[in-house]
file input_32.cif (mmCIF, C-alpha atoms)
data_run
#
loop_
_atom_site.label_atom_id
_atom_site.label_comp_id
_atom_site.auth_asym_id
_atom_site.auth_seq_id
_atom_site.Cartn_x
_atom_site.Cartn_y
_atom_site.Cartn_z
CA MET A 1 15.87 -21.11 35.88
CA LEU A 2 14.25 -17.90 34.77
CA ARG A 3 10.58 -17.76 35.48
CA PRO A 4 8.23 -15.57 33.47
CA LYS A 5 7.06 -12.58 35.42
CA ASN A 6 3.45 -12.60 36.44
CA ARG A 7 1.63 -9.86 34.60
CA ARG A 8 -0.54 -7.84 36.89
CA ARG A 9 -4.07 -7.33 35.72
CA PRO A 10 -5.01 -3.68 35.41
CA SER A 11 -7.09 -2.51 38.32
CA PRO A 12 -10.67 -1.39 37.69
CA ARG A 13 -9.50 2.15 38.35
CA ARG A 14 -6.71 1.85 35.73
CA ALA A 15 -9.07 0.20 33.22
CA SER A 16 -11.60 2.96 33.74
CA LEU A 17 -8.91 5.56 33.18
CA LEU A 18 -7.85 3.90 29.93
CA GLY A 19 -11.42 3.70 28.73
CA GLY A 20 -11.92 7.38 29.50
CA LEU A 21 -8.71 8.32 27.71
CA VAL A 22 -9.73 6.42 24.59
CA LEU A 23 -13.07 8.20 24.50
CA LEU A 24 -11.43 11.59 25.11
CA ALA A 25 -8.96 10.97 22.31
CA ALA A 26 -11.78 10.18 19.92
CA CYS A 27 -13.71 13.30 20.94
CA GLN A 28 -10.67 15.55 20.66
CA ALA A 29 -9.63 14.06 17.30
CA ALA A 30 -13.07 14.78 15.92
CA GLY A 31 -12.77 18.38 17.06
CA GLY A 32 -9.27 18.91 15.67
CA GLU A 33 -6.47 21.05 16.99
CA ARG A 34 -8.85 23.56 18.57
CA ALA A 35 -11.85 21.60 19.82
CA PRO A 36 -14.42 24.13 20.99
CA GLY A 37 -16.26 24.00 24.26
CA ARG A 38 -15.26 22.06 27.33
CA VAL A 39 -13.82 18.57 26.87
CA VAL A 40 -13.09 16.56 29.99
CA GLU A 41 -9.37 15.95 30.52
CA PRO A 42 -7.79 13.46 32.92
CA THR A 43 -5.84 14.92 35.83
CA ALA A 44 -2.51 13.68 37.08
CA ALA A 45 -3.98 13.12 40.54
CA GLY A 46 -6.94 10.97 39.81
CA GLY A 47 -7.76 10.54 36.15
CA VAL A 48 -11.18 9.40 34.99
CA THR A 49 -12.87 6.86 37.26
CA LEU A 50 -16.22 5.31 36.50
CA SER A 51 -18.87 5.21 39.22
CA ASP A 52 -20.33 2.14 37.51
CA PRO A 53 -17.50 -0.26 36.53
CA ALA A 54 -19.97 -2.23 34.40
CA ALA A 55 -20.24 0.78 32.11
CA GLU A 56 -16.56 0.45 31.10
CA ALA A 57 -17.36 -1.81 28.15
CA LEU A 58 -20.00 0.65 26.95
CA PHE A 59 -17.54 3.56 27.10
CA GLN A 60 -14.92 1.60 25.20
CA ALA A 61 -17.48 0.59 22.58
CA LEU A 62 -18.57 4.23 22.33
CA ALA A 63 -14.97 5.35 21.78
CA ALA A 64 -14.52 2.75 19.04
CA ALA A 65 -17.79 3.73 17.37
CA LEU A 66 -16.79 7.41 17.33
CA GLU A 67 -13.36 6.62 15.95
CA GLU A 68 -14.80 4.42 13.18
CA GLY A 69 -17.53 6.89 12.28
CA GLU A 70 -20.32 4.53 13.34
CA ASP A 71 -22.59 7.33 14.50
CA GLU A 72 -25.81 5.31 14.77
CA LEU A 73 -24.09 2.76 16.98
CA ALA A 74 -22.63 5.58 19.08
CA ARG A 75 -26.10 7.07 19.58
CA SER A 76 -27.52 3.75 20.75
CA LEU A 77 -24.62 3.32 23.18
CA LEU A 78 -25.25 6.81 24.55
CA VAL A 79 -28.86 5.86 25.21
CA GLY A 80 -27.65 2.87 27.22
CA LEU A 81 -25.15 4.95 29.15
CA SER A 82 -27.68 7.68 29.92
CA ALA A 83 -29.91 5.07 31.58
CA ARG A 84 -27.15 4.21 34.09
CA PRO A 85 -26.31 5.99 37.37
CA LEU A 86 -23.37 7.98 36.01
CA GLY A 87 -21.05 10.21 38.01
CA THR A 88 -20.19 13.81 37.13
CA ARG A 89 -17.19 13.01 34.96
CA GLU A 90 -18.98 10.20 33.19
CA ARG A 91 -21.84 12.55 32.33
CA GLU A 92 -19.29 15.02 30.96
CA LEU A 93 -17.84 12.26 28.76
CA VAL A 94 -21.33 11.49 27.49
CA ALA A 95 -21.94 15.19 26.80
CA SER A 96 -18.66 15.43 24.87
CA ALA A 97 -19.65 12.47 22.70
CA GLU A 98 -23.08 13.99 22.08
CA ARG A 99 -21.43 17.24 20.93
CA VAL A 100 -19.20 15.31 18.53
CA LEU A 101 -22.24 13.60 17.01
CA ARG A 102 -24.18 16.85 16.70
CA GLY A 103 -21.19 18.50 15.02
CA ARG A 104 -20.93 15.64 12.55
CA GLU A 105 -24.63 15.95 11.76
CA LEU A 106 -24.21 19.64 10.93
CA VAL A 107 -21.12 18.93 8.80
CA ARG A 108 -23.03 16.29 6.83
CA GLY A 109 -25.64 18.93 6.07
CA LEU A 110 -23.06 21.12 4.30
CA GLU A 111 -22.81 21.15 0.52
CA LEU A 112 -19.45 22.65 -0.46
CA ALA A 113 -18.00 22.53 -3.96
CA LEU A 114 -15.41 24.27 -6.10
CA ALA A 115 -16.31 25.54 -9.58
CA SER A 116 -14.18 27.08 -12.32
CA GLU A 117 -15.97 29.68 -14.44
CA PRO A 118 -14.68 31.71 -17.41
CA VAL A 119 -14.20 35.44 -16.99
CA PRO A 120 -16.40 37.12 -19.63
CA GLY A 121 -14.39 38.73 -22.41
CA GLU A 122 -11.06 37.21 -21.31
CA GLU A 123 -10.30 33.98 -23.11
CA ALA A 124 -7.63 32.52 -20.84
CA ARG A 125 -8.87 33.80 -17.46
CA PHE A 126 -11.11 31.98 -15.03
CA ARG A 127 -12.58 32.43 -11.57
CA LEU A 128 -12.42 29.73 -8.94
CA ILE A 129 -15.70 29.81 -6.99
CA LEU A 130 -16.73 28.18 -3.71
CA VAL A 131 -20.40 27.20 -3.93
CA ALA A 132 -21.82 26.58 -0.46
CA ARG A 133 -25.17 25.63 1.04
CA SER A 134 -26.44 24.23 4.34
CA ARG A 135 -29.43 21.91 4.65
CA ASP A 136 -29.94 22.77 8.32
CA THR A 137 -33.01 24.76 9.34
CA GLU A 138 -30.88 27.27 11.29
CA GLU A 139 -28.01 29.49 10.21
CA VAL A 140 -24.64 27.78 10.62
CA HIS A 141 -21.25 29.40 11.12
CA LEU A 142 -18.25 27.30 10.05
CA ARG A 143 -14.83 28.23 11.42
CA LEU A 144 -11.88 26.20 10.16
CA PRO A 145 -8.13 26.81 10.13
CA PRO A 146 -6.56 27.62 6.73
CA SER A 147 -7.28 24.94 4.14
CA ASP A 148 -4.89 23.69 1.45
CA LEU A 149 -6.09 24.74 -1.99
CA LYS A 150 -4.34 22.53 -4.53
CA ARG A 151 -4.15 22.52 -8.30
CA LEU A 152 -2.59 19.98 -10.68
CA ARG A 153 -2.31 21.05 -14.30
CA ALA A 154 -1.48 18.69 -17.20
CA SER A 155 -0.71 19.95 -20.70
CA MET A 156 -0.43 17.75 -23.81
CA ASP A 157 1.46 18.78 -26.95
CA ALA A 158 1.08 17.50 -30.50
CA ARG A 159 3.76 14.81 -30.01
CA GLY A 160 2.00 13.38 -26.99
CA PHE A 161 4.48 14.80 -24.48
CA GLU A 162 2.81 15.78 -21.24
CA GLY A 163 3.82 18.42 -18.74
CA LEU A 164 2.65 18.42 -15.11
CA GLU A 165 2.59 21.36 -12.74
CA PHE A 166 1.52 21.27 -9.09
CA GLU A 167 0.58 24.27 -6.97
CA SER A 168 -0.62 24.59 -3.38
CA LYS A 169 -1.86 27.67 -1.51
CA ALA A 170 -3.44 28.42 1.83
CA SER A 171 -7.07 29.48 1.65
CA HIS A 172 -9.07 31.18 4.41
CA ALA A 173 -12.39 30.66 2.61
CA LEU A 174 -13.71 28.46 5.44
CA ALA A 175 -12.35 30.56 8.30
CA GLU A 176 -15.59 32.51 8.77
CA LEU A 177 -18.28 30.95 6.59
CA ARG A 178 -21.87 31.86 7.47
CA LEU A 179 -24.65 30.01 5.67
CA ARG A 180 -28.34 30.80 5.87
CA PRO A 181 -30.68 27.79 5.81
CA GLY A 182 -31.23 26.49 2.28
CA VAL A 183 -29.56 29.50 0.59
CA GLN A 184 -26.78 28.84 -1.91
CA GLU A 185 -23.85 31.21 -1.45
CA ARG A 186 -21.06 31.85 -3.96
CA PHE A 187 -17.61 33.15 -2.99
CA THR A 188 -14.81 34.01 -5.42
CA LEU A 189 -11.59 32.44 -4.18
CA LEU A 190 -9.28 33.73 -6.89
CA THR A 191 -8.99 34.76 -10.53
CA TYR A 192 -6.33 32.94 -12.53
CA GLU A 193 -5.01 32.17 -16.00
CA LEU A 194 -4.98 28.80 -17.75
CA PRO A 195 -2.35 29.27 -20.47
CA LEU A 196 -1.96 26.89 -23.41
CA GLY A 197 1.56 27.66 -24.55
CA ARG A 198 2.38 25.09 -27.24
CA ALA A 199 -0.07 22.52 -25.91
CA LEU A 200 -3.01 21.19 -27.89
CA GLY A 201 -4.94 20.73 -24.67
CA VAL A 202 -4.59 21.54 -21.00
CA ARG A 203 -6.47 20.09 -18.05
CA GLU A 204 -6.45 21.13 -14.42
CA ARG A 205 -7.96 19.77 -11.23
CA TRP A 206 -8.67 21.86 -8.13
CA ARG A 207 -9.05 20.35 -4.69
CA MET A 208 -9.40 21.75 -1.18
CA GLU A 209 -8.13 19.86 1.87
CA THR A 210 -9.60 21.03 5.15
CA ARG A 211 -8.48 20.85 8.76
CA SER A 212 -10.71 20.31 11.76
CA GLY A 213 -12.27 23.30 13.49
CA GLU A 214 -15.71 24.18 14.81
CA ILE A 215 -19.23 24.81 13.63
CA GLU A 216 -21.81 26.96 15.42
CA CYS A 217 -25.58 26.64 15.18
CA ALA A 218 -28.30 28.15 17.36
CA GLY A 219 -25.72 29.43 19.83
CA GLU A 220 -24.07 26.02 20.27
CA VAL A 221 -20.39 25.64 19.30
CA LEU A 222 -19.51 22.11 18.19
CA PRO A 223 -16.45 20.30 16.81
CA ALA A 224 -16.27 20.09 13.00
CA GLY A 225 -14.01 17.53 11.37
CA HIS A 226 -13.72 15.86 7.96
CA VAL A 227 -15.39 18.75 6.16
CA LYS A 228 -15.63 17.72 2.51
CA VAL A 229 -15.29 20.11 -0.42
CA GLN A 230 -16.02 18.68 -3.86
CA GLY A 231 -13.24 19.45 -6.34
CA CYS A 232 -13.58 20.54 -9.94
CA GLU A 233 -11.86 20.19 -13.32
CA ARG A 234 -11.33 22.62 -16.17
CA GLU A 235 -10.10 21.92 -19.71
CA ARG A 236 -9.00 24.22 -22.51
CA LEU A 237 -8.18 23.29 -26.12
CA SER A 238 -5.90 25.02 -28.58
CA PRO A 239 -7.45 26.96 -31.50
CA LEU A 240 -5.53 24.49 -33.70
CA VAL A 241 -7.95 21.75 -32.62
CA ALA A 242 -11.26 21.62 -34.46
CA PRO A 243 -13.87 23.21 -32.17
CA GLU A 244 -16.77 20.83 -32.84
CA PRO A 245 -17.06 17.82 -30.47
CA ALA A 246 -16.17 14.38 -31.82
CA PRO A 247 -18.55 11.42 -31.44
CA ALA A 248 -17.60 9.04 -28.63
CA GLU A 249 -16.91 6.22 -31.11
CA ALA A 250 -14.78 8.31 -33.50
CA LEU A 251 -11.42 7.34 -32.01
CA ALA A 252 -12.19 3.62 -32.03
CA GLU A 253 -13.43 3.81 -35.63
CA ARG A 254 -10.31 5.62 -36.85
CA LEU A 255 -7.95 3.33 -34.96
CA GLY A 256 -9.63 0.27 -36.50
CA GLN A 257 -9.22 1.43 -40.08
CA GLU A 258 -6.54 0.01 -42.37
CA GLY A 259 -4.54 3.19 -42.91
CA VAL A 260 -1.79 4.07 -40.46
CA PRO A 261 -2.98 6.99 -38.29
CA SER A 262 -0.75 9.70 -36.88
CA THR A 263 -0.33 10.34 -33.18
CA ARG A 264 -1.62 13.88 -33.59
CA GLU A 265 -4.72 12.77 -35.51
CA LEU A 266 -5.67 10.30 -32.80
CA LEU A 267 -4.86 12.74 -30.02
CA GLU A 268 -7.01 15.48 -31.52
CA LEU A 269 -9.94 13.07 -31.75
CA ALA A 270 -9.49 12.23 -28.05
CA LEU A 271 -9.29 15.91 -27.13
CA ARG A 272 -12.55 16.61 -28.94
CA ILE A 273 -14.49 13.89 -27.13
CA GLU A 274 -16.44 15.65 -24.40
CA PRO A 275 -16.10 14.44 -20.79
CA ALA A 276 -19.62 12.97 -20.75
CA GLY A 277 -18.73 10.73 -23.71
CA ARG A 278 -15.36 9.42 -22.56
CA GLU A 279 -16.58 6.28 -20.86
CA SER A 280 -18.51 5.38 -24.02
CA ALA A 281 -15.35 6.05 -26.03
CA LEU A 282 -13.32 3.71 -23.82
CA ARG A 283 -15.96 0.98 -24.09
CA ALA A 284 -15.77 1.25 -27.88
CA LEU A 285 -11.97 1.22 -27.78
CA ALA A 286 -11.62 -1.90 -25.60
CA PRO A 287 -12.30 -4.56 -28.30
CA VAL A 288 -10.44 -2.57 -30.97
CA VAL A 289 -7.30 -2.23 -28.85
CA ALA A 290 -7.51 -5.89 -27.81
CA GLY A 291 -7.51 -6.97 -31.46
CA LEU A 292 -4.81 -4.53 -32.59
CA ALA A 293 -2.51 -5.54 -29.74
CA HIS A 294 -2.07 -8.87 -31.57
CA THR A 295 -2.34 -7.82 -35.21
CA ARG A 296 -1.03 -4.23 -35.42
CA PRO A 297 0.53 -3.30 -32.07
CA GLY A 298 2.17 -0.23 -33.62
CA HIS A 299 -1.26 1.35 -34.07
CA VAL A 300 -1.91 1.06 -30.32
CA ALA A 301 1.49 2.61 -29.56
CA LEU A 302 0.58 5.57 -31.79
CA ALA A 303 -2.68 5.94 -29.86
CA GLU A 304 -0.99 5.97 -26.43
CA PRO A 305 -1.21 9.78 -25.91
CA ALA A 306 -4.90 9.69 -26.88
CA LEU A 307 -5.56 6.81 -24.49
CA ARG A 308 -3.61 8.60 -21.77
CA TRP A 309 -5.73 11.73 -22.19
CA LEU A 310 -9.00 9.82 -22.00
CA THR A 311 -8.04 7.61 -19.04
CA GLN A 312 -5.56 9.87 -17.21
CA ASN A 313 -3.46 6.75 -16.73
CA ARG A 314 0.27 7.44 -17.02
CA ASP A 315 1.53 4.04 -15.88
CA ILE A 316 1.14 1.92 -19.00
CA GLY A 317 3.14 3.83 -21.61
CA PRO A 318 3.42 2.57 -25.22
CA ASP A 319 2.60 -1.05 -24.29
CA PRO A 320 -0.16 -2.41 -26.58
CA ALA A 321 -0.77 -5.53 -24.48
CA GLY A 322 -0.87 -3.44 -21.31
CA TRP A 323 -3.53 -1.12 -22.76
CA ALA A 324 -5.55 -4.11 -23.92
CA ARG A 325 -5.51 -5.63 -20.44
CA TYR A 326 -6.26 -2.30 -18.78
CA LEU A 327 -9.26 -1.45 -21.00
CA GLU A 328 -10.61 -4.98 -20.64
CA ALA A 329 -10.35 -4.81 -16.84
CA ARG A 330 -11.91 -1.34 -16.82
CA LEU A 331 -14.78 -2.55 -18.98
CA ALA A 332 -15.34 -5.54 -16.68
CA ALA A 333 -15.31 -3.35 -13.58
CA GLY A 334 -17.68 -0.73 -15.01
CA THR A 335 -17.25 3.04 -15.02
CA ALA A 336 -14.31 4.14 -12.85
CA GLU A 337 -14.39 7.47 -11.06
CA SER A 338 -10.61 7.72 -10.99
CA THR A 339 -7.84 5.57 -12.39
CA PRO A 340 -4.30 4.76 -11.30
CA GLY A 341 -1.94 7.43 -12.55
CA GLY A 342 -4.81 9.85 -13.09
CA LEU A 343 -4.87 13.59 -12.51
CA ASP A 344 -4.77 13.17 -8.74
CA LEU A 345 -3.47 15.76 -6.33
CA PRO A 346 -1.01 14.66 -3.65
CA ALA A 347 -2.51 14.37 -0.19
CA ARG A 348 -0.97 16.36 2.66
CA SER A 349 1.54 14.25 4.53
CA ARG A 350 1.89 14.30 8.31
CA ASN A 351 5.15 16.21 8.11
CA GLU A 352 4.03 18.70 5.48
CA GLN A 353 3.94 22.28 6.70
CA PRO A 354 0.97 24.49 5.85
CA ALA A 355 1.38 26.43 2.62
CA THR A 356 2.71 29.91 3.06
CA GLY A 357 0.93 31.45 0.10
CA GLU A 358 -2.62 32.68 0.36
CA ALA A 359 -5.35 32.36 -2.24
CA ARG A 360 -6.76 35.80 -2.85
#

call {"tool": "encode", "arguments": {"input": "input_32.cif", "output": "structure tokens"}}
result
Amino acid sequence: MLRPKNRRRPSPRRASLLGGLVLLAACQAAGGERAPGRVVEPTAAGGVTLSDPAAEALFQALAAALEEGEDELARSLLVGLSARPLGTRERELVASAERVLRGRELVRGLELALASEPVPGEEARFRLILVARSRDTEEVHLRLPPSDLKRLRASMDARGFEGLEFESKASHALAELRLRPGVQERFTLLTYELPLGRALGVRERWRMETRSGEIECAGEVLPAGHVKVQGCERERLSPLVAPEPAPAEALAERLGQEGVPSTRELLELALRIEPAGRESALRALAPVVAGLAHTRPGHVALAEPALRWLTQNRDIGPDPAGWARYLEARLAAGTAESTPGGLDLPARSRNEQPATGEAR
């Protein structure tokens, strides 16, 4: 008869090594491919061994807190560890964790955002600007590997047909970024065109995806990960569309009238509703679309391009009942920042290679 093998419990030395490796992995991940400064690494001969085996649980909890972004918990665990009789390598692990937390604090103090601004005197040309500020009281120096600068452009013609175009470039805007305390800096990333072609309206979204690097402040070089850059949108309408903005309720009022509307008429009303009024427009549309889905579903099908422009939802198509359910659910959930099928840029996959182009 086969007997199950007895599983050997890991020795305290092995458990300590594993705990140290978990913490090191968390510290190195927070610092990215090129974590600055000295990070303790296990050696083939001995690895990381704790002088105080009772501290193992604290180190493992610290590693988990760092990995989950629970910085306050990590700080309290560091206080507990610092009160123990730690050996040299344990103190180095603690110092590495403290550097990770300090780097995260500096990164949280960064305000980075993209902005698209028209070029004076040139109707179809725009500048993409990086607006940057640090809330720290000292000058900070951010050094990151090339970031992915991504743009998704959607154009809508008079028939409601939509074209999508995706573009990705490498940007070195964050490779050597120096920010004085409390001073807003503006950097031009590129100048570009936003052509209309035959479209009645065109919309684009810019986004920057960063990689981990380092941040320096007061002579201290620290790991910098998860640096956030707020994206931006830009819209442009054809001269064939009336220039004055439409009231938020205009589309719902026209759709609810007895006469049969045209797709272009409804689409132009949607295009003229300014971004700040679109949630109000969708709230007004919800009961109208719900009623028409039963009584005059063809009216809702004609309004599909207009609804698609306002919601950026491309999944429903000319389905009156589907739009009724979607608008009702959206109304019940409140204002949505982004919707399924919206103008979202693809995230970088693990196997994706860095873009070869460079934003100038």

call {"tool": "resolve_selection", "arguments": {"input": "input_32.cif", "expression": "the PyMOL selection byres ((chain A and resi 126-140) around 9)", "output": "MDAnalysis selection string"}}
result
chainID A and resid 106:120 122:125 141:142 173 177:194 206 215:218 229

call {"tool": "residues_around", "arguments": {"input": "input_32.cif", "residues": "Pro261 of chain A", "least_positions_apart": "5", "cutoff": "8 Å", "atoms": "all atoms listed in the file", "output": "mmCIF file with C-alpha atoms, keeping the file's coordinate frame"}}
result
data_model
loop_
_atom_site.group_PDB
_atom_site.id
_atom_site.type_symbol
_atom_site.label_atom_id
_atom_site.label_comp_id
_atom_site.auth_asym_id
_atom_site.auth_seq_id
_atom_site.Cartn_x
_atom_site.Cartn_y
_atom_site.Cartn_z
ATOM 1 C CA ARG A 254 -10.310 5.620 -36.850
ATOM 2 C CA LEU A 255 -7.950 3.330 -34.960
ATOM 3 C CA LEU A 266 -5.670 10.300 -32.800
ATOM 4 C CA HIS A 299 -1.260 1.350 -34.070
ATOM 5 C CA LEU A 302 0.580 5.570 -31.790
#

call {"tool": "closest_residue", "arguments": {"input": "input_32.cif", "among": "A:Lys169, A:Arg236, A:Arg104, A:Arg207", "to": "Ser155 of chain A", "atoms": "all atoms listed in the file"}}
result
A:Arg236

call {"tool": "resolve_selection", "arguments": {"input": "input_32.cif", "expression": "the PyMOL selection byres ((chain A and resi 328) around 12)", "output": "compact mmCIF listing (two decimals) with C-alpha atoms, in the coordinates of the input"}}
result
# COMPACT_ATOMS: atom_id res chain seq x y z
CA LEU A 282 -13.32 3.71 -23.82
CA ARG A 283 -15.96 0.98 -24.09
CA ALA A 284 -15.77 1.25 -27.88
CA LEU A 285 -11.97 1.22 -27.78
CA ALA A 286 -11.62 -1.90 -25.60
CA PRO A 287 -12.30 -4.56 -28.30
CA VAL A 288 -10.44 -2.57 -30.97
CA VAL A 289 -7.30 -2.23 -28.85
CA ALA A 290 -7.51 -5.89 -27.81
CA GLY A 291 -7.51 -6.97 -31.46
CA ALA A 321 -0.77 -5.53 -24.48
CA GLY A 322 -0.87 -3.44 -21.31
CA TRP A 323 -3.53 -1.12 -22.76
CA ALA A 324 -5.55 -4.11 -23.92
CA ARG A 325 -5.51 -5.63 -20.44
CA TYR A 326 -6.26 -2.30 -18.78
CA LEU A 327 -9.26 -1.45 -21.00
CA ALA A 329 -10.35 -4.81 -16.84
CA ARG A 330 -11.91 -1.34 -16.82
CA LEU A 331 -14.78 -2.55 -18.98
CA ALA A 332 -15.34 -5.54 -16.68
CA ALA A 333 -15.31 -3.35 -13.58
CA GLY A 334 -17.68 -0.73 -15.01
CA THR A 335 -17.25 3.04 -15.02

call {"tool": "atom_distance", "arguments": {"input": "input_32.cif", "atom1": "atom CA of Ala242 of chain A", "atom2": "atom CA of Ile316 of chain A"}}
result
27.9 Å

call {"tool": "resolve_selection", "arguments": {"input": "input_32.cif", "expression": "the PyMOL selection byres ((chain A and resi 147) around 6)", "output": "ChimeraX atom specification"}}
result
/A:146,148,170-171,209-210

call {"tool": "residues_around", "arguments": {"input": "input_32.cif", "residues": "Gly317 of chain A", "least_positions_apart": "5", "cutoff": "10 Å", "atoms": "all atoms listed in the file", "output": "list in words"}}
result
Ala301, Glu304, Pro305, Leu307, Arg308, Gly322 and Trp323 of chain A

call {"tool": "atom_distance", "arguments": {"input": "input_32.cif", "atom1": "atom CA of Val300 of chain A", "atom2": "atom CA of Phe161 of chain A"}}
result
16.2 Å

call {"tool": "residues_around", "arguments": {"input": "input_32.cif", "residues": "Ala250 of chain A", "least_positions_apart": "5", "cutoff": "9 Å", "atoms": "only C-alpha atoms", "output": "NGL selection string"}}
result
:A and (255 or 269-270 or 273 or 281)

call {"tool": "closest_residue", "arguments": {"input": "input_32.cif", "among": "A:Arg314, A:Glu268, A:Gly225, A:His172", "to": "Glu67 of chain A", "atoms": "only C-alpha atoms"}}
result
A:Gly225

call {"tool": "residues_around", "arguments": {"input": "input_32.cif", "residues": "Arg91 of chain A", "least_positions_apart": "5", "cutoff": "10 Å", "atoms": "only C-alpha atoms", "output": "ChimeraX atom specification"}}
result
/A:40,81-82,85-86,96-97

call {"tool": "closest_residue", "arguments": {"input": "input_32.cif", "among": "A:Ala57, A:Lys150, A:Glu214, A:Met208", "to": "Glu176 of chain A", "atoms": "all atoms listed in the file"}}
result
A:Glu214

call {"tool": "atom_distance", "arguments": {"input": "input_32.cif", "atom1": "atom CA of Pro275 of chain A", "atom2": "atom CA of Val260 of chain A"}}
result
26.4 Å

call {"tool": "residues_near_point", "arguments": {"input": "input_32.cif", "point": "(-9.8, 20.3, -31.3)", "cutoff": "7 Å", "atoms": "all atoms listed in the file", "output": "list in words"}}
result
Leu237, Ser238, Leu240, Val241, Ala242, Pro243, Glu268, Leu271 and Arg272 of chain A

call {"tool": "closest_residue", "arguments": {"input": "input_32.cif", "among": "A:Val221, A:Glu253, A:Phe59, A:Ala95", "to": "Gly80 of chain A", "atoms": "only C-alpha atoms"}}
result
A:Phe59

call {"tool": "residues_near_point", "arguments": {"input": "input_32.cif", "point": "(-19.7, 6.8, -23.7)", "cutoff": "7 Å", "atoms": "all atoms listed in the file", "output": "count of residues only"}}
result
8

call {"tool": "closest_residue", "arguments": {"input": "input_32.cif", "among": "A:Val100, A:Leu149, A:Leu62, A:Ala158", "to": "Gln230 of chain A", "atoms": "only C-alpha atoms"}}
result
A:Leu149

call {"tool": "closest_residue", "arguments": {"input": "input_32.cif", "among": "A:Glu258, A:Glu220, A:Glu70, A:Glu204", "to": "Arg234 of chain A", "atoms": "all atoms listed in the file"}}
result
A:Glu204
